[in-house]
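Participant: Supplied structure: input.pdb, PDB, C-alpha atoms.
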```
ATOM      1  CA  MET A 272       7.055  16.649  -5.010
ATOM      2  CA  ARG A 273       3.802  16.054  -3.128
ATOM      3  CA  PRO A 274       0.938  16.279  -3.354
ATOM      4  CA  VAL A 275       0.306  16.568  -7.063
ATOM      5  CA  THR A 276      -3.478  16.465  -7.369
ATOM      6  CA  LEU A 277      -5.741  15.115 -10.072
ATOM      7  CA  ASP A 278      -9.354  16.275  -9.993
ATOM      8  CA  SER A 279     -11.471  13.163  -9.470
ATOM      9  CA  PRO A 280     -15.218  13.852  -9.656
ATOM     10  CA  GLY A 281     -17.255  11.010  -8.193
ATOM     11  CA  ARG A 282     -14.380   9.584  -6.176
ATOM     12  CA  GLY A 283     -15.239  11.575  -3.066
ATOM     13  CA  ALA A 284     -11.680  12.894  -2.758
ATOM     14  CA  ASP A 285      -9.236  14.133  -5.358
ATOM     15  CA  LEU A 286      -6.437  11.728  -6.258
ATOM     16  CA  GLU A 287      -3.174  12.826  -4.646
ATOM     17  CA  VAL A 288       0.182  11.616  -5.911
ATOM     18  CA  ARG A 289       3.824  11.870  -4.906
ATOM     19  CA  ILE A 290       6.484  12.050  -7.623
ATOM     20  CA  THR A 291      10.141  11.298  -6.867
ATOM     21  CA  ALA A 292      12.705  11.737  -9.617
ATOM     22  CA  PRO A 293      16.435  12.039 -10.244
ATOM     23  CA  THR A 294      17.661  15.612 -10.597
ATOM     24  CA  ALA A 295      19.651  14.704 -13.724
ATOM     25  CA  GLY A 296      19.463  12.312 -16.636
ATOM     26  CA  SER A 297      17.144  11.740 -19.563
ATOM     27  CA  ASP A 298      15.045   8.932 -21.046
ATOM     28  CA  LEU A 299      14.108   8.037 -17.459
ATOM     29  CA  PRO A 300      11.808   5.007 -16.986
ATOM     30  CA  VAL A 301       8.739   5.219 -14.728
ATOM     31  CA  ILE A 302       7.519   3.047 -11.856
ATOM     32  CA  VAL A 303       3.948   3.501 -10.597
ATOM     33  CA  PHE A 304       3.901   2.163  -7.039
ATOM     34  CA  ALA A 305       0.809   0.952  -5.140
ATOM     35  CA  HIS A 306       0.954   1.054  -1.351
ATOM     36  CA  GLY A 307      -0.461  -1.563   1.003
ATOM     37  CA  PHE A 308      -3.623  -1.319   3.122
ATOM     38  CA  GLY A 309      -3.913   1.902   5.104
ATOM     39  CA  GLN A 310      -0.671   3.429   3.848
ATOM     40  CA  SER A 311      -0.259   6.388   1.510
ATOM     41  CA  MET A 312       1.908   8.035  -1.130
ATOM     42  CA  THR A 313       4.766   8.211   1.393
ATOM     43  CA  ALA A 314       5.167   4.425   1.590
ATOM     44  CA  ALA A 315       8.252   2.418   0.619
ATOM     45  CA  ASP A 316      10.856   5.160   0.935
ATOM     46  CA  PRO A 317      13.767   2.672   1.157
ATOM     47  CA  LEU A 318      12.768   1.313  -2.258
ATOM     48  CA  VAL A 319      11.785   4.634  -3.808
ATOM     49  CA  ASP A 320      15.069   6.280  -2.867
ATOM     50  CA  HIS A 321      17.050   3.374  -4.303
ATOM     51  CA  TRP A 322      15.053   3.261  -7.528
ATOM     52  CA  THR A 323      15.381   6.990  -8.132
ATOM     53  CA  ALA A 324      19.097   6.866  -7.329
ATOM     54  CA  HIS A 325      19.337   4.368 -10.190
ATOM     55  CA  GLY A 326      17.507   6.520 -12.702
ATOM     56  CA  PHE A 327      13.792   5.779 -12.234
ATOM     57  CA  VAL A 328      10.913   8.194 -11.748
ATOM     58  CA  VAL A 329       8.510   6.855  -9.096
ATOM     59  CA  VAL A 330       4.855   7.904  -9.020
ATOM     60  CA  GLN A 331       2.797   7.002  -5.925
ATOM     61  CA  PRO A 332      -0.958   7.571  -5.564
ATOM     62  CA  THR A 333      -2.778   7.589  -2.219
ATOM     63  CA  PHE A 334      -5.732   5.176  -2.340
ATOM     64  CA  LEU A 335      -9.049   5.562  -0.531
ATOM     65  CA  ASP A 336      -8.131   2.983   2.134
ATOM     66  CA  SER A 337      -5.314   5.204   3.414
ATOM     67  CA  VAL A 338      -5.722   6.066   7.086
ATOM     68  CA  SER A 339      -4.898   9.634   6.091
ATOM     69  CA  LEU A 340      -8.340   9.872   4.436
ATOM     70  CA  GLY A 341     -10.289   8.385   7.332
ATOM     71  CA  LEU A 342     -12.799   6.241   5.430
ATOM     72  CA  THR A 343     -14.696   3.762   7.593
ATOM     73  CA  PRO A 344     -16.415   0.494   6.615
ATOM     74  CA  ASP A 345     -19.713   2.381   6.799
ATOM     75  CA  ASP A 346     -18.706   4.513   3.817
ATOM     76  CA  PRO A 347     -20.583   3.345   0.676
ATOM     77  CA  ARG A 348     -17.300   3.441  -1.268
ATOM     78  CA  TYR A 349     -15.569   1.035   1.087
ATOM     79  CA  THR A 350     -16.631  -2.306  -0.380
ATOM     80  CA  ASP A 351     -15.476  -1.214  -3.819
ATOM     81  CA  ILE A 352     -12.079   0.187  -2.844
ATOM     82  CA  TRP A 353     -10.284  -2.745  -4.447
ATOM     83  CA  ARG A 354     -11.744  -1.717  -7.816
ATOM     84  CA  THR A 355     -11.189   1.992  -7.161
ATOM     85  CA  ARG A 356      -7.516   1.237  -6.538
ATOM     86  CA  VAL A 357      -7.196  -0.150 -10.066
ATOM     87  CA  ASP A 358      -9.158   2.820 -11.439
ATOM     88  CA  ASP A 359      -6.735   5.150  -9.642
ATOM     89  CA  LEU A 360      -3.720   3.377 -11.121
ATOM     90  CA  GLU A 361      -5.201   3.647 -14.604
ATOM     91  CA  ARG A 362      -5.944   7.323 -14.032
ATOM     92  CA  VAL A 363      -2.341   7.945 -13.000
ATOM     93  CA  ILE A 364      -1.041   6.171 -16.109
ATOM     94  CA  ASP A 365      -3.499   8.053 -18.329
ATOM     95  CA  GLU A 366      -2.380  11.359 -16.822
ATOM     96  CA  LEU A 367       1.370  10.710 -16.546
ATOM     97  CA  ASP A 368       2.279  13.615 -18.808
ATOM     98  CA  THR A 369       0.139  15.974 -16.725
ATOM     99  CA  LEU A 370       1.601  14.706 -13.459
ATOM    100  CA  LEU A 371       5.201  14.870 -14.626
ATOM    101  CA  ALA A 372       4.680  18.384 -15.974
ATOM    102  CA  ALA A 373       4.054  19.517 -12.389
ATOM    103  CA  VAL A 374       7.670  18.812 -11.449
ATOM    104  CA  PRO A 375      10.046  21.604 -12.509
ATOM    105  CA  GLY A 376      12.794  20.372 -14.799
ATOM    106  CA  LEU A 377      11.272  16.933 -15.344
ATOM    107  CA  PRO A 378       9.236  17.259 -18.594
ATOM    108  CA  GLY A 379      11.163  16.050 -21.607
ATOM    109  CA  ARG A 380      13.426  13.801 -19.515
ATOM    110  CA  VAL A 381      11.019  10.887 -19.027
ATOM    111  CA  ALA A 382      10.363   7.863 -21.268
ATOM    112  CA  VAL A 383       6.740   7.126 -20.365
ATOM    113  CA  ASP A 384       6.787   4.101 -22.681
ATOM    114  CA  ARG A 385       9.303   2.488 -20.305
ATOM    115  CA  LEU A 386       6.620   1.885 -17.713
ATOM    116  CA  ALA A 387       6.547  -0.557 -14.796
ATOM    117  CA  VAL A 388       4.157  -1.046 -11.893
ATOM    118  CA  ALA A 389       5.072  -2.227  -8.413
ATOM    119  CA  GLY A 390       3.004  -2.936  -5.325
ATOM    120  CA  HIS A 391       3.292  -4.225  -1.789
ATOM    121  CA  SER A 392       0.656  -6.448  -0.135
ATOM    122  CA  TRP A 393      -2.774  -5.175  -1.234
ATOM    123  CA  GLY A 394      -0.881  -2.942  -3.626
ATOM    124  CA  GLY A 395       0.531  -6.090  -5.205
ATOM    125  CA  GLN A 396      -2.954  -7.348  -5.963
ATOM    126  CA  SER A 397      -3.898  -3.929  -7.338
ATOM    127  CA  VAL A 398      -1.018  -3.691  -9.805
ATOM    128  CA  GLY A 399      -1.291  -7.413 -10.522
ATOM    129  CA  MET A 400      -4.564  -6.720 -12.309
ATOM    130  CA  LEU A 401      -2.760  -4.365 -14.691
ATOM    131  CA  LEU A 402      -0.287  -7.192 -15.355
ATOM    132  CA  GLY A 403      -3.095  -9.602 -16.280
ATOM    133  CA  ALA A 404      -4.432 -11.105 -13.048
ATOM    134  CA  ARG A 405      -8.209 -11.227 -12.592
ATOM    135  CA  VAL A 406     -10.530 -11.726  -9.625
ATOM    136  CA  LEU A 407     -12.730 -14.808  -9.514
ATOM    137  CA  ASP A 408     -16.340 -14.419  -8.423
ATOM    138  CA  ALA A 409     -18.122 -16.666  -5.918
ATOM    139  CA  ASP A 410     -18.733 -19.225  -8.668
ATOM    140  CA  GLY A 411     -15.103 -19.281  -9.755
ATOM    141  CA  ARG A 412     -15.636 -17.236 -12.920
ATOM    142  CA  PRO A 413     -12.944 -14.697 -13.870
ATOM    143  CA  GLY A 414     -14.026 -11.103 -13.605
ATOM    144  CA  GLU A 415     -13.101  -8.075 -15.669
ATOM    145  CA  ASP A 416      -9.778  -8.094 -17.524
ATOM    146  CA  ARG A 417      -7.903  -4.925 -16.482
ATOM    147  CA  THR A 418      -4.640  -5.738 -18.255
ATOM    148  CA  ASP A 419      -2.852  -2.550 -19.329
ATOM    149  CA  HIS A 420      -0.516  -3.214 -22.241
ATOM    150  CA  ARG A 421       1.294   0.076 -21.655
ATOM    151  CA  VAL A 422       2.856  -1.603 -18.616
ATOM    152  CA  LYS A 423       6.021  -3.457 -19.603
ATOM    153  CA  ALA A 424       7.085  -4.982 -16.260
ATOM    154  CA  GLY A 425       5.856  -5.646 -12.729
ATOM    155  CA  VAL A 426       7.187  -5.972  -9.185
ATOM    156  CA  LEU A 427       4.975  -7.897  -6.744
ATOM    157  CA  LEU A 428       6.007  -7.653  -3.087
ATOM    158  CA  SER A 429       4.291  -9.824  -0.426
ATOM    159  CA  THR A 430       1.342 -10.305  -2.777
ATOM    160  CA  THR A 431      -1.566 -12.479  -1.664
ATOM    161  CA  GLY A 432      -2.035 -15.839  -3.337
ATOM    162  CA  LEU A 433      -4.826 -18.087  -4.503
ATOM    163  CA  SER A 434      -8.025 -18.622  -2.555
ATOM    164  CA  ARG A 435      -9.034 -22.280  -2.540
ATOM    165  CA  GLY A 436     -11.162 -22.343   0.549
ATOM    166  CA  ASP A 437      -8.305 -21.362   2.821
ATOM    167  CA  LEU A 438      -9.058 -17.707   3.502
ATOM    168  CA  THR A 439      -9.817 -17.163   7.173
ATOM    169  CA  PRO A 440     -13.479 -16.397   8.033
ATOM    170  CA  PHE A 441     -12.560 -12.736   8.621
ATOM    171  CA  ALA A 442     -10.883 -12.480   5.215
ATOM    172  CA  GLN A 443     -13.732 -14.272   3.485
ATOM    173  CA  GLN A 444     -16.237 -11.861   4.993
ATOM    174  CA  ASN A 445     -14.280  -8.657   4.443
ATOM    175  CA  PHE A 446     -11.883  -9.357   1.571
ATOM    176  CA  ALA A 447     -13.642 -11.866  -0.665
ATOM    177  CA  PHE A 448     -12.022 -10.157  -3.664
ATOM    178  CA  MET A 449      -8.733 -11.775  -2.594
ATOM    179  CA  ASN A 450      -9.518 -14.600  -4.993
ATOM    180  CA  PRO A 451      -7.088 -14.055  -7.870
ATOM    181  CA  ASP A 452      -6.603 -15.916 -11.109
ATOM    182  CA  PHE A 453      -3.036 -15.614 -12.379
ATOM    183  CA  THR A 454      -3.332 -17.659 -15.577
ATOM    184  CA  ARG A 455      -3.329 -14.551 -17.792
ATOM    185  CA  LEU A 456      -0.699 -12.594 -15.905
ATOM    186  CA  SER A 457       1.799 -12.622 -18.752
ATOM    187  CA  THR A 458       3.636  -9.310 -18.280
ATOM    188  CA  PRO A 459       7.266  -9.937 -17.178
ATOM    189  CA  THR A 460       7.252  -9.810 -13.380
ATOM    190  CA  ILE A 461       9.496 -10.353 -10.364
ATOM    191  CA  VAL A 462       7.959 -11.707  -7.135
ATOM    192  CA  VAL A 463       9.398 -11.077  -3.656
ATOM    193  CA  ALA A 464       8.243 -13.017  -0.569
ATOM    194  CA  GLY A 465       9.422 -13.713   2.961
ATOM    195  CA  ASP A 466       9.625 -17.329   4.107
ATOM    196  CA  HIS A 467       8.322 -16.287   7.571
ATOM    197  CA  ASP A 468       5.376 -14.234   6.306
ATOM    198  CA  GLN A 469       2.440 -15.917   8.032
ATOM    199  CA  SER A 470      -0.701 -14.038   7.064
ATOM    200  CA  LEU A 471      -3.683 -13.630   9.380
ATOM    201  CA  LEU A 472      -5.890 -13.755   6.282
ATOM    202  CA  SER A 473      -5.036 -17.281   5.159
ATOM    203  CA  THR A 474      -4.725 -20.650   6.862
ATOM    204  CA  ARG A 475      -1.832 -21.497   4.579
ATOM    205  CA  GLY A 476       1.777 -20.786   5.359
ATOM    206  CA  PRO A 477       4.223 -18.277   3.847
ATOM    207  CA  ASP A 478       4.161 -20.159   0.536
ATOM    208  CA  TRP A 479       0.814 -18.404  -0.082
ATOM    209  CA  PHE A 480       2.783 -15.324  -1.102
ATOM    210  CA  THR A 481       4.648 -17.270  -3.794
ATOM    211  CA  ASP A 482       1.532 -18.452  -5.673
ATOM    212  CA  VAL A 483       1.814 -15.815  -8.372
ATOM    213  CA  TYR A 484       5.294 -17.099  -9.237
ATOM    214  CA  HIS A 485       4.083 -20.684  -9.572
ATOM    215  CA  HIS A 486       0.762 -20.011 -11.317
ATOM    216  CA  SER A 487       1.379 -17.175 -13.794
ATOM    217  CA  PRO A 488       3.157 -17.279 -17.164
ATOM    218  CA  GLY A 489       4.654 -13.823 -16.642
ATOM    219  CA  ALA A 490       6.417 -14.279 -13.300
ATOM    220  CA  ARG A 491      10.047 -14.776 -14.274
ATOM    221  CA  HIS A 492      11.842 -14.600 -10.925
ATOM    222  CA  LEU A 493      11.138 -15.281  -7.245
ATOM    223  CA  VAL A 494      13.198 -13.661  -4.499
ATOM    224  CA  THR A 495      12.726 -15.510  -1.198
ATOM    225  CA  LEU A 496      13.933 -13.660   1.905
ATOM    226  CA  PHE A 497      15.144 -15.984   4.644
ATOM    227  CA  GLY A 498      13.419 -14.979   7.875
ATOM    228  CA  GLY A 499      11.514 -12.293   6.010
ATOM    229  CA  GLU A 500       8.042 -11.312   7.169
ATOM    230  CA  HIS A 501       5.421  -9.100   5.536
ATOM    231  CA  THR A 502       7.466  -5.894   5.413
ATOM    232  CA  LEU A 503      10.429  -7.734   3.881
ATOM    233  CA  GLY A 504      12.961  -6.418   6.369
ATOM    234  CA  GLY A 505      11.575  -2.875   6.469
ATOM    235  CA  ILE A 506      10.636  -1.580   3.009
ATOM    236  CA  GLN A 507       7.884   0.768   4.256
ATOM    237  CA  ASP A 508       8.257   4.475   5.019
ATOM    238  CA  TYR A 509      11.121   5.539   7.243
ATOM    239  CA  GLY A 510       8.890   6.714  10.064
ATOM    240  CA  SER A 511       7.004   3.429  10.378
ATOM    241  CA  THR A 512       7.279   1.222  13.449
ATOM    242  CA  ALA A 513       5.440  -1.684  11.841
ATOM    243  CA  THR A 514       8.499  -3.725  10.891
ATOM    244  CA  THR A 515       8.700  -7.036  12.739
ATOM    245  CA  ASP A 516      11.712  -8.410  10.866
ATOM    246  CA  GLU A 517      14.038  -5.437  10.627
ATOM    247  CA  SER A 518      17.018  -6.232   8.429
ATOM    248  CA  PRO A 519      18.926  -3.771   6.247
ATOM    249  CA  GLU A 520      20.403  -6.795   4.480
ATOM    250  CA  ARG A 521      16.963  -8.064   3.425
ATOM    251  CA  VAL A 522      15.943  -4.595   2.264
ATOM    252  CA  GLN A 523      19.138  -4.313   0.249
ATOM    253  CA  LEU A 524      18.437  -7.622  -1.495
ATOM    254  CA  VAL A 525      14.943  -6.405  -2.421
ATOM    255  CA  ARG A 526      16.422  -3.164  -3.710
ATOM    256  CA  ARG A 527      19.164  -4.809  -5.720
ATOM    257  CA  THR A 528      17.066  -7.530  -7.346
ATOM    258  CA  THR A 529      14.060  -5.367  -8.222
ATOM    259  CA  THR A 530      16.264  -2.627  -9.651
ATOM    260  CA  ALA A 531      18.256  -5.043 -11.799
ATOM    261  CA  PHE A 532      15.091  -6.771 -13.019
ATOM    262  CA  LEU A 533      13.492  -3.474 -14.035
ATOM    263  CA  GLN A 534      16.663  -2.189 -15.693
ATOM    264  CA  THR A 535      16.722  -5.278 -17.903
ATOM    265  CA  ALA A 536      12.963  -5.606 -18.464
ATOM    266  CA  LEU A 537      12.645  -1.955 -19.500
ATOM    267  CA  GLY A 538      15.707  -1.998 -21.740
ATOM    268  CA  VAL A 539      17.839   0.289 -19.573
ATOM    269  CA  ASP A 540      20.645  -2.227 -18.979
ATOM    270  CA  PRO A 541      20.345  -5.624 -20.709
ATOM    271  CA  ASP A 542      23.051  -7.111 -18.480
ATOM    272  CA  ALA A 543      21.772  -5.930 -15.090
ATOM    273  CA  TRP A 544      19.709  -9.015 -14.267
ATOM    274  CA  ALA A 545      22.417 -11.447 -15.398
ATOM    275  CA  ALA A 546      24.808  -9.845 -12.927
ATOM    276  CA  VAL A 547      22.340 -10.393 -10.066
ATOM    277  CA  ALA A 548      21.500 -13.941 -11.144
ATOM    278  CA  ALA A 549      25.184 -14.841 -11.063
ATOM    279  CA  SER A 550      25.009 -14.546  -7.258
ATOM    280  CA  ALA A 551      21.617 -16.196  -6.853
ATOM    281  CA  THR A 552      22.227 -17.581  -3.341
ATOM    282  CA  GLU A 553      22.885 -15.098  -0.571
ATOM    283  CA  PRO A 554      22.968 -15.270   3.243
ATOM    284  CA  VAL A 555      19.608 -13.491   3.503
ATOM    285  CA  GLY A 556      17.784 -14.920   0.533
ATOM    286  CA  ARG A 557      17.557 -16.921  -2.658
ATOM    287  CA  VAL A 558      16.726 -16.053  -6.256
ATOM    288  CA  ASP A 559      14.887 -18.584  -8.436
ATOM    289  CA  SER A 560      14.031 -18.112 -12.097
ATOM    290  CA  GLN A 561      11.896 -19.911 -14.643
TER     291      GLN A 561
END
```
Could you rewrite the structure in this file as structure tokens?
Facilitator:
Amino acid sequence: MRPVTLDSPGRGADLEVRITAPTAGSDLPVIVFAHGFGQSMTAADPLVDHWTAHGFVVVQPTFLDSVSLGLTPDDPRYTDIWRTRVDDLERVIDELDTLLAAVPGLPGRVAVDRLAVAGHSWGGQSVGMLLGARVLDADGRPGEDRTDHRVKAGVLLSTTGLSRGDLTPFAQQNFAFMNPDFTRLSTPTIVVAGDHDQSLLSTRGPDWFTDVYHHSPGARHLVTLFGGEHTLGGIQDYGSTATTDESPERVQLVRRTTTAFLQTALGVDPDAWAAVAASATEPVGRVDSQ
């Protein structure tokens, strides 16, 4: 169902959300998904369809940077969008019961305490803050702690890494908030990265997108996609032409590993992750755990 709208005074536009849910089942866990830069609530259909087919309810807000809203850098809200994204995620979690009540037949079938967050690219940084990551200021001091202890698990897809003087000049000027500190990200999390994902925002190589796995206490698993670029084989919406590394096999590995991780982390199937880990090396990727 879309859009489900939350009144948002002071935001400049009401918060619109898409909800995708199984037609049957009860005690359904919830994933709140954060899209990447410029996308919207319709992002990540190949993942959303797989997650809902395996018993998850997926809730997807549209953030202010979405091209569908038409904000420009001249808008006074623009420089603070990274914070507004986190505010929007918190608002969605606060109002989950209200949102779910808008879907006929769904109320009473959802276990809102079985809550995960997932995000791709900028969306990964956004949900990462709910998992415990913080943003360092220009002097290297950690900013506000936005950890949300209602969130029990996280999925970070192509999520930007540490900034140690290696952001490109463009990124430093326009995205200085991409300076995360992962030392307090302790919520159980799975990280997915492509080993050919060369960002235009960093002078480092594709390993930049694995930093959260190596520098946070909560990141339990790293899925590395061989030949994978930023869209991880094509996880964005079906109508997108942005994929540069199209591979149904890579997408299927992302689907399978993230689903199994969430099933185990949220107490749906304690054995799901062990079954995936038993085949940790695949032709299109590798799974590491710590």
Participant: Residues of segment 425-528 of chain A that approach segment 305-324 of chain A to 10 Å or less, counting only C-alpha atoms: could you list each one with the shortest pair of atoms and its distance in Å to one decimal, rows by chain and increasing residue number, as JSON lines?
Facilitator:
```
{"residue": "A:Leu427", "atom": "CA", "partner": "A:Ala305", "partner_atom": "CA", "distance": 9.9}
{"residue": "A:Leu428", "atom": "CA", "partner": "A:Gly307", "partner_atom": "CA", "distance": 9.8}
{"residue": "A:Ser429", "atom": "CA", "partner": "A:Gly307", "partner_atom": "CA", "distance": 9.6}
{"residue": "A:Thr430", "atom": "CA", "partner": "A:Gly307", "partner_atom": "CA", "distance": 9.7}
{"residue": "A:Thr502", "atom": "CA", "partner": "A:Ala315", "partner_atom": "CA", "distance": 9.6}
{"residue": "A:Gly505", "atom": "CA", "partner": "A:Pro317", "partner_atom": "CA", "distance": 8.0}
{"residue": "A:Ile506", "atom": "CA", "partner": "A:Ala315", "partner_atom": "CA", "distance": 5.2}
{"residue": "A:Gln507", "atom": "CA", "partner": "A:Ala315", "partner_atom": "CA", "distance": 4.0}
{"residue": "A:Asp508", "atom": "CA", "partner": "A:Ala314", "partner_atom": "CA", "distance": 4.6}
{"residue": "A:Tyr509", "atom": "CA", "partner": "A:Asp316", "partner_atom": "CA", "distance": 6.3}
{"residue": "A:Gly510", "atom": "CA", "partner": "A:Asp316", "partner_atom": "CA", "distance": 9.5}
{"residue": "A:Ser511", "atom": "CA", "partner": "A:Ala314", "partner_atom": "CA", "distance": 9.0}
{"residue": "A:Pro519", "atom": "CA", "partner": "A:Pro317", "partner_atom": "CA", "distance": 9.7}
{"residue": "A:Val522", "atom": "CA", "partner": "A:Pro317", "partner_atom": "CA", "distance": 7.7}
{"residue": "A:Gln523", "atom": "CA", "partner": "A:Pro317", "partner_atom": "CA", "distance": 8.9}
{"residue": "A:Val525", "atom": "CA", "partner": "A:Leu318", "partner_atom": "CA", "distance": 8.0}
{"residue": "A:Arg526", "atom": "CA", "partner": "A:Leu318", "partner_atom": "CA", "distance": 6.0}
{"residue": "A:Arg527", "atom": "CA", "partner": "A:His321", "partner_atom": "CA", "distance": 8.6}
```
Participant: Would you work out the distance separating atom CA of Asp419 of chain A from atom CA of Leu533 of chain A, expressed in Å to one decimal?
Facilitator: 17.2 Å
Participant: Please evaluate the PyMOL selection byres ((chain A and resi 544) around 10) against the structure above and give the resulting residues as JSON, numbers by chain.
Facilitator: {"A": [527, 528, 529, 530, 531, 532, 533, 534, 535, 536, 540, 541, 542, 543, 545, 546, 547, 548, 549]}
Participant: Which residue out of A:Gly499, A:Pro488, A:Gly341, A:Gly414 has the minimum interatomic distance to Arg521 of chain A when only C-alpha atoms are used?
Facilitator: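 For Arg521 of chain A, the nearest of the given residues is A:Gly499.
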Participant: The PyMOL selection byres ((chain A and resi 295) around 9) on the file shown: which residues, as a list in words?
Facilitator: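 Applying the expression gives Ala292, Pro293, Thr294, Gly296, Ser297, Gly326, Gly376, Leu377 and Arg380 of chain A.
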Participant: Restrict the calculation to all atoms listed in the file, then for each residue of segment 311-368 of chain A with any atom at most 10 Å from an atom of segment 442-457 of chain A give the closest atom pair and their distance in Å to one decimal, rows by chain and rising residue number, as CSV.
Facilitator:
```
residue,atom,partner,partner_atom,distance
A:Pro344,CA,A:Asn445,CA,9.6
A:Thr350,CA,A:Asn445,CA,8.3
A:Asp351,CA,A:Phe448,CA,9.6
A:Trp353,CA,A:Phe448,CA,7.7
A:Arg354,CA,A:Phe448,CA,9.4
```
Participant: Store the residues picked out above in a file with C-alpha atoms, as a PDB file, in the coordinates of the input.
Facilitator:
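Saved to again-v9.pdb:
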```pdb
ATOM      1  CA  PRO A 344     -16.415   0.494   6.615  1.00  0.00           C
ATOM      2  CA  THR A 350     -16.631  -2.306  -0.380  1.00  0.00           C
ATOM      3  CA  ASP A 351     -15.476  -1.214  -3.819  1.00  0.00           C
ATOM      4  CA  TRP A 353     -10.284  -2.745  -4.447  1.00  0.00           C
ATOM      5  CA  ARG A 354     -11.744  -1.717  -7.816  1.00  0.00           C
TER       6      ARG A 354
END
```
Participant: To one decimal place in Å, what is the distance between atom CA of His501 of chain A and atom CA of Asp468 of chain A?
Facilitator: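 Between atom CA of His501 of chain A and atom CA of Asp468 of chain A the gap is 5.2 Å.
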Participant: Considering only C-alpha atoms, can you say which of A:Asp410, A:Asp482, A:Glu553, A:Asp285 comes closest to Glu520 of chain A?
Facilitator: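 Result for the nearest residue to Glu520 of chain A: A:Glu553.
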Participant: Could you work out how far atom CA of Thr431 of chain A lies from atom CA of Ser397 of chain A, giving the answer in Å with one decimal?
Facilitator: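 According to the coordinates, atom CA of Ser397 of chain A and atom CA of Thr431 of chain A are separated by 10.5 Å.
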